[in-house]
Amino acid sequence: MSNAIETRDLVYRAGTTFEITDLALNVPTGSIYGFLGPNGSGKTTTIRLLLGLLRPVRGRIQVVGRQVPREAHLMLARTGYVPERPHLYPTLTIDEAMRFHAAFYPTWDTKWADELLVTFRLDRSRRVGKMSKGETGKFMMLLALAQRPELLILDEPTDGLDPVVRREVLMALIEYVAERQATVFISSHLVHELERFCNWVGVLDNGRLVAELPMHAFKNGIKRLRVHHPPSTPGDTPFVLLSREAGDGLSAGEVWVVRGWQATMSQYFDGIGAQLREVVDLDLEEGFVEMLRTFRHPVEVHS
Amino acid sequence: MMFRQVLYTQWKWSAWAVVTTAVAAFTLPLVSVQRAGANTEATDVLYLLGDVAGVGYMYPFLAVAAGITIALLTWAPDHAGRHVYALSLPVPRWYYALLRYGAGTLLLVPTMLALWIGALVATSSATIPQGLDAYPTAIAFRFALATLFGFSMFFALAAGTVRTAIIALGVAPTAIIVTNQIIISFGGPNLVWTALEYLIRLPGPMELLFEPWMLINV
């Protein structure tokens with residue numbers, strides 16, 4: 001399987017406090033890749049590196065087969081980008097902004113752009129600077145989609161939008177992806193939003209890639225286990241132990257959060273003299289929080 | 001297609017400056033010859049030359065002001081968006097800068113033409129005393145060069161970050177002047193003044209701004 005986006009040993013420093021460290025991303029072609037991370041984790045910086053807007057200290061970036069930043073302009077011709085904050089020229093009308101944008105993209109689809117204008121109920125004569133947040137979000141998505149890209153890089157595209165607008169924007173995106181089999185790289189801290197349609201997920205924290213795996217593995221593999229009479233040291237576990245916490249005080253048990261869980265692994269507890277009382281599925285958000293917590297504070301028993 | 005759109009956007013946010021500087025450029029030569037033609041006595045010739053010379057210093061001022069204004073307006077919307085939109089367009093950076101430079105240069109043409117037409121109208125409507133000649137095309141050509149000089153300098157400066165501009169316009173000149181004063185205080189030559197003389201006198205690159213601007217001369 002080829003990758004639409006691939007980075008190796010990517011390092012970038014902003015000032016003295018923030019650093020992207022040895023980032024190795026693999027975004028499979030045709031995937032919808034959710035790029036998760038808390039605010040300030042480096043998602044936008046990573047996206048700007050991928051687009052060639054920032055220059056890395058070292059490392060290799062390849063996007064749609066082009067080396068970035070050297071061939072960034074060739075890559076950008078095939079990539080739609082929705083920035084975190086819109087940076088269009090505020091004095092232009094929607095119509096003027098569309099014509100300006102279209103002039104730079106040979107693949108621009110005027111007919112579809114007009115259809116999207118109607119779908120999104122946008123007024124051609126409205127000034128970009130006078131648009132509401134919802135209108136801006138829809139217009140940014142329109143510009144990215146109407147250039148018919150093979151890769152869409154979306155930086156928190158629905159952040160701050162109301163649920164109705166968010167649904168409209170995501171529906172247009174999903175329709176396009178279904179039609180073109182385009183790759184989507186979408187960053188967000190709204191975990192539930194990505195859970196619905198992403199099939200790959202990468203988690204970034206403090207400039208480091210914490211995990212990168214298929215969504216089904218992420219969702220299904222993280223469990224909360226209630227364990228009675230656990231040993232003080234768990235030894236070699238067949239799963240990844242993310243965290244251990246003392247139970248609710250009514251029992252002698254502990255709560256373990258694990259990754260890579262399969263039902264057959266319950267035998268492990270028989271082997272160490274412990275009892276597995278309960279296995280609870282975690283949703284993506286809980287799994288995300290547990291993953292970050294473990295990453296920041298490696299496994300220990302919390303009381 | 002790209003250039004047309006870049007030109008259109010730049011026109012949209014620079015139109016007021018283009019119109020204002022074009023009107024000023026058309027008016028300037030007319031003002032300089034308003035006393036010409038009353039009679040041709042020697043004293044009036046001196047008055048006329050005095051008027052032409054008096055207004056003359058306004059030409060480089062207007063040329064540089066027009067160039068700077070258009071240069072700053074060229075980059076202002078990209079600066080406001082921290083260049084993110086421009087940099088995410090699928091063209092090399094040098095090509096985008098060239099498109100903006102070309103559009104800015106084209107937007108200066110109305111001002112250059114207005115001065116030329118103003119100079120032609122002024123010199124053809126005025127009675128020029130014997131022994132004097134009019135130089136409308138020469139002054140218009142010089143004005144065009146001065147405008148391009150101002151535009152190019154500030155286009156390059158405005159293309160960078162605010163930090164770069166502060167270094168180029170503030171920190172670097174201050175450091176040079178302070179160093180020069182230290183050299184002078186130890187009995188050394190005034191290097192800044194020497195450099196300025198080379199710049200503003202023939203054949204220096206800024207000579208076209210500082211030599212007298214005479215629409216009518218001997």
# chains A, B, ... in the order shown; residues from 1 in each chain; ligands from 1

$ closest_atom_pairs --of "chain A" --to "chain B" --cutoff "9 Å" --atoms "only C-alpha atoms" --output "Markdown table"
| residue | atom | partner | partner_atom | distance |
| --- | --- | --- | --- | --- |
| A:Leu51 | CA | B:Ser88 | CA | 7.1 |
| A:Gly52 | CA | B:Ser88 | CA | 8.1 |
| A:Leu53 | CA | B:Leu87 | CA | 6.4 |
| A:Glu71 | CA | B:Pro92 | CA | 8.7 |
| A:Ala72 | CA | B:Pro90 | CA | 7.5 |
| A:His73 | CA | B:Pro90 | CA | 4.3 |
| A:Leu74 | CA | B:Pro90 | CA | 6.3 |
| A:Met75 | CA | B:Pro90 | CA | 7.4 |
| A:Leu76 | CA | B:Pro90 | CA | 4.8 |
| A:Ala77 | CA | B:Pro90 | CA | 4.9 |
| A:Arg78 | CA | B:Pro90 | CA | 8.4 |
| A:Thr79 | CA | B:Pro90 | CA | 8.9 |
| A:Tyr81 | CA | B:Ser88 | CA | 7.7 |
| A:Pro83 | CA | B:Val84 | CA | 8.4 |
| A:Pro86 | CA | B:Gly81 | CA | 8.0 |
| A:His87 | CA | B:Gly81 | CA | 4.7 |
| A:Leu88 | CA | B:Tyr85 | CA | 6.3 |
| A:Tyr89 | CA | B:Pro77 | CA | 6.1 |
| A:Pro90 | CA | B:Pro77 | CA | 8.0 |
| A:Thr91 | CA | B:Trp13 | CA | 7.6 |
| A:Leu92 | CA | B:Thr9 | CA | 7.6 |
| A:Glu96 | CA | B:Thr9 | CA | 8.3 |
| A:Ala97 | CA | B:Thr9 | CA | 9.0 |
| A:Arg99 | CA | B:Gln5 | CA | 7.3 |
| A:Phe100 | CA | B:Gln5 | CA | 5.3 |
| A:His101 | CA | B:Leu89 | CA | 8.2 |
| A:Ala102 | CA | B:Met2 | CA | 8.8 |
| A:Ala103 | CA | B:Met2 | CA | 5.1 |
| A:Phe104 | CA | B:Met2 | CA | 6.1 |
| A:Tyr105 | CA | B:Pro90 | CA | 7.5 |

$ write_last_selection --atoms "N, CA and C atoms" --output "mmCIF file, in the first residue's frame"
data_model
loop_
_atom_site.group_PDB
_atom_site.id
_atom_site.type_symbol
_atom_site.label_atom_id
_atom_site.label_comp_id
_atom_site.auth_asym_id
_atom_site.auth_seq_id
_atom_site.Cartn_x
_atom_site.Cartn_y
_atom_site.Cartn_z
ATOM 1 N N LEU A 51 2.777 21.018 4.055
ATOM 2 C CA LEU A 51 2.439 21.870 2.907
ATOM 3 C C LEU A 51 3.628 22.696 2.414
ATOM 4 N N GLY A 52 4.733 22.616 3.120
ATOM 5 C CA GLY A 52 5.906 23.391 2.707
ATOM 6 C C GLY A 52 5.855 24.835 3.163
ATOM 7 N N LEU A 53 4.934 25.165 4.063
ATOM 8 C CA LEU A 53 4.859 26.538 4.565
ATOM 9 C C LEU A 53 5.954 26.798 5.600
ATOM 10 N N GLU A 71 9.529 20.479 -3.834
ATOM 11 C CA GLU A 71 8.526 20.402 -4.908
ATOM 12 C C GLU A 71 7.132 20.765 -4.391
ATOM 13 N N ALA A 72 7.107 21.657 -3.405
ATOM 14 C CA ALA A 72 5.840 21.970 -2.735
ATOM 15 C C ALA A 72 4.783 22.471 -3.722
ATOM 16 N N HIS A 73 5.199 23.300 -4.686
ATOM 17 C CA HIS A 73 4.205 23.872 -5.603
ATOM 18 C C HIS A 73 3.549 22.793 -6.467
ATOM 19 N N LEU A 74 4.318 21.738 -6.796
ATOM 20 C CA LEU A 74 3.745 20.646 -7.596
ATOM 21 C C LEU A 74 2.772 19.824 -6.741
ATOM 22 N N MET A 75 3.143 19.647 -5.477
ATOM 23 C CA MET A 75 2.270 18.930 -4.550
ATOM 24 C C MET A 75 0.983 19.724 -4.303
ATOM 25 N N LEU A 76 1.122 21.052 -4.149
ATOM 26 C CA LEU A 76 -0.044 21.886 -3.826
ATOM 27 C C LEU A 76 -1.069 21.902 -4.960
ATOM 28 N N ALA A 77 -0.612 21.671 -6.187
ATOM 29 C CA ALA A 77 -1.543 21.636 -7.320
ATOM 30 C C ALA A 77 -2.501 20.448 -7.206
ATOM 31 N N ARG A 78 -2.129 19.448 -6.404
ATOM 32 C CA ARG A 78 -2.962 18.248 -6.268
ATOM 33 C C ARG A 78 -3.543 18.100 -4.865
ATOM 34 N N THR A 79 -3.402 19.162 -4.089
ATOM 35 C CA THR A 79 -3.811 19.090 -2.681
ATOM 36 C C THR A 79 -4.752 20.234 -2.331
ATOM 37 N N TYR A 81 -6.456 22.423 0.643
ATOM 38 C CA TYR A 81 -6.072 22.761 2.026
ATOM 39 C C TYR A 81 -7.125 23.670 2.647
ATOM 40 N N PRO A 83 -7.292 25.765 5.986
ATOM 41 C CA PRO A 83 -6.498 26.134 7.156
ATOM 42 C C PRO A 83 -7.352 26.273 8.418
ATOM 43 N N PRO A 86 -9.097 30.996 8.433
ATOM 44 C CA PRO A 86 -9.144 31.393 7.017
ATOM 45 C C PRO A 86 -8.248 32.594 6.745
ATOM 46 N N HIS A 87 -7.537 32.560 5.610
ATOM 47 C CA HIS A 87 -6.607 33.644 5.290
ATOM 48 C C HIS A 87 -6.909 34.248 3.922
ATOM 49 N N LEU A 88 -8.158 34.156 3.512
ATOM 50 C CA LEU A 88 -8.513 34.713 2.205
ATOM 51 C C LEU A 88 -8.505 36.238 2.278
ATOM 52 N N TYR A 89 -8.512 36.862 1.095
ATOM 53 C CA TYR A 89 -8.491 38.323 1.063
ATOM 54 C C TYR A 89 -9.879 38.868 1.416
ATOM 55 N N PRO A 90 -9.985 39.610 2.510
ATOM 56 C CA PRO A 90 -11.310 39.981 3.022
ATOM 57 C C PRO A 90 -12.085 40.965 2.150
ATOM 58 N N THR A 91 -11.392 41.728 1.299
ATOM 59 C CA THR A 91 -12.112 42.732 0.515
ATOM 60 C C THR A 91 -12.749 42.144 -0.748
ATOM 61 N N LEU A 92 -12.397 40.906 -1.083
ATOM 62 C CA LEU A 92 -12.981 40.288 -2.280
ATOM 63 C C LEU A 92 -14.363 39.732 -1.965
ATOM 64 N N GLU A 96 -15.359 36.822 -6.590
ATOM 65 C CA GLU A 96 -13.991 37.242 -6.933
ATOM 66 C C GLU A 96 -12.962 36.278 -6.327
ATOM 67 N N ALA A 97 -13.200 35.872 -5.087
ATOM 68 C CA ALA A 97 -12.267 34.943 -4.434
ATOM 69 C C ALA A 97 -12.234 33.609 -5.168
ATOM 70 N N ARG A 99 -12.842 33.160 -8.405
ATOM 71 C CA ARG A 99 -12.145 33.340 -9.692
ATOM 72 C C ARG A 99 -10.631 33.420 -9.470
ATOM 73 N N PHE A 100 -10.232 34.092 -8.390
ATOM 74 C CA PHE A 100 -8.801 34.180 -8.075
ATOM 75 C C PHE A 100 -8.244 32.784 -7.812
ATOM 76 N N HIS A 101 -8.944 32.037 -6.969
ATOM 77 C CA HIS A 101 -8.488 30.688 -6.601
ATOM 78 C C HIS A 101 -8.435 29.785 -7.838
ATOM 79 N N ALA A 102 -9.490 29.857 -8.650
ATOM 80 C CA ALA A 102 -9.599 28.991 -9.834
ATOM 81 C C ALA A 102 -8.441 29.218 -10.808
ATOM 82 N N ALA A 103 -7.965 30.456 -10.879
ATOM 83 C CA ALA A 103 -6.901 30.784 -11.835
ATOM 84 C C ALA A 103 -5.613 30.000 -11.564
ATOM 85 N N PHE A 104 -5.441 29.559 -10.312
ATOM 86 C CA PHE A 104 -4.208 28.854 -9.949
ATOM 87 C C PHE A 104 -4.338 27.335 -10.071
ATOM 88 N N TYR A 105 -5.565 26.848 -10.283
ATOM 89 C CA TYR A 105 -5.764 25.385 -10.311
ATOM 90 C C TYR A 105 -6.331 24.943 -11.654
#

$ residues_around --residues "Gly160 of chain A" --least-positions-apart "2" --cutoff "12 Å" --atoms "only C-alpha atoms" --output "ChimeraX atom specification"
/A:84-85,132-137,156-158,162-166,188-190

$ atom_distance --atom1 "atom CA of Glu19 of chain A" --atom2 "atom CA of Ile5 of chain A"
20.2 Å

$ residues_around --residues "segment 139-145 of chain B" --least-positions-apart "6" --cutoff "12 Å" --atoms "only C-alpha atoms" --output "PyMOL selection string"
chain B and resi 25-26+28-29+52+56-67+105-106+108-120+123+151-152+205-217

$ atom_distance --atom1 "atom CA of Pro129 of chain B" --atom2 "atom CA of Asp44 of chain B"
8.8 Å

$ residues_around --residues "Leu204 of chain A" --least-positions-apart "5" --cutoff "9 Å" --atoms "only C-alpha atoms" --output "ChimeraX atom specification"
/A:35-38,41-43,209-211,292

$ select_by_dssp --residues "segment 207-244 of chain A" --states "strand (DSSP E or B)" --output "PyMOL selection string"
chain A and resi 208-214+223-228+240-244

$ residues_around --residues "Ser14 of chain B" --least-positions-apart "4" --cutoff "9 Å" --atoms "only C-alpha atoms" --output "JSON, numbers by chain"
{"B": [9, 10, 18, 19, 69, 70, 73, 74, 107]}

$ write_last_selection --atoms "N, CA and C atoms" --output "JSON list (two decimals), in the first residue's frame"
[["chain", "number", "residue", "atom", "x", "y", "z"],
["B", 9, "THR", "N", -7.06, 41.75, -8.26],
["B", 9, "THR", "CA", -7.13, 41.89, -6.79],
["B", 9, "THR", "C", -6.31, 43.10, -6.34],
["B", 10, "GLN", "N", -5.14, 43.28, -6.95],
["B", 10, "GLN", "CA", -4.32, 44.41, -6.56],
["B", 10, "GLN", "C", -4.98, 45.73, -6.91],
["B", 18, "VAL", "N", -3.94, 54.63, -6.85],
["B", 18, "VAL", "CA", -3.61, 54.83, -8.27],
["B", 18, "VAL", "C", -4.26, 56.13, -8.75],
["B", 19, "VAL", "N", -5.53, 56.30, -8.42],
["B", 19, "VAL", "CA", -6.26, 57.50, -8.88],
["B", 19, "VAL", "C", -5.65, 58.76, -8.25],
["B", 69, "THR", "N", 3.64, 53.54, -1.80],
["B", 69, "THR", "CA", 2.23, 53.24, -1.50],
["B", 69, "THR", "C", 1.77, 51.98, -2.22],
["B", 70, "ILE", "N", 2.08, 51.90, -3.51],
["B", 70, "ILE", "CA", 1.64, 50.72, -4.28],
["B", 70, "ILE", "C", 2.37, 49.46, -3.76],
["B", 73, "LEU", "N", 0.71, 48.45, -0.52],
["B", 73, "LEU", "CA", -0.64, 47.91, -0.78],
["B", 73, "LEU", "C", -0.58, 46.56, -1.49],
["B", 74, "THR", "N", 0.48, 46.35, -2.24],
["B", 74, "THR", "CA", 0.64, 45.06, -2.94],
["B", 74, "THR", "C", 0.69, 43.90, -1.95],
["B", 107, "LEU", "N", 0.22, 48.88, -12.28],
["B", 107, "LEU", "CA", -0.64, 49.85, -11.60],
["B", 107, "LEU", "C", 0.04, 51.21, -11.44]]

$ residues_around --residues "Leu242 of chain A" --least-positions-apart "2" --cutoff "10 Å" --atoms "only C-alpha atoms" --output "ChimeraX atom specification"
/A:222-224,239-240,244,256-259,287,290-295,297-300

$ closest_residue --among "B:Ala175, B:Leu199, B:Ile68, B:Ala53" --to "Leu157 of chain B" --atoms "only C-alpha atoms"
B:Ile68

$ residues_around --residues "Asp114 of chain A" --least-positions-apart "3" --cutoff "10 Å" --atoms "only C-alpha atoms" --output "MDAnalysis selection string"
chainID A and resid 95 98 109:111 117:120 122 124 142 146

$ atom_distance --atom1 "atom CA of Leu191 of chain B" --atom2 "atom CA of Ile177 of chain B"
9.3 Å
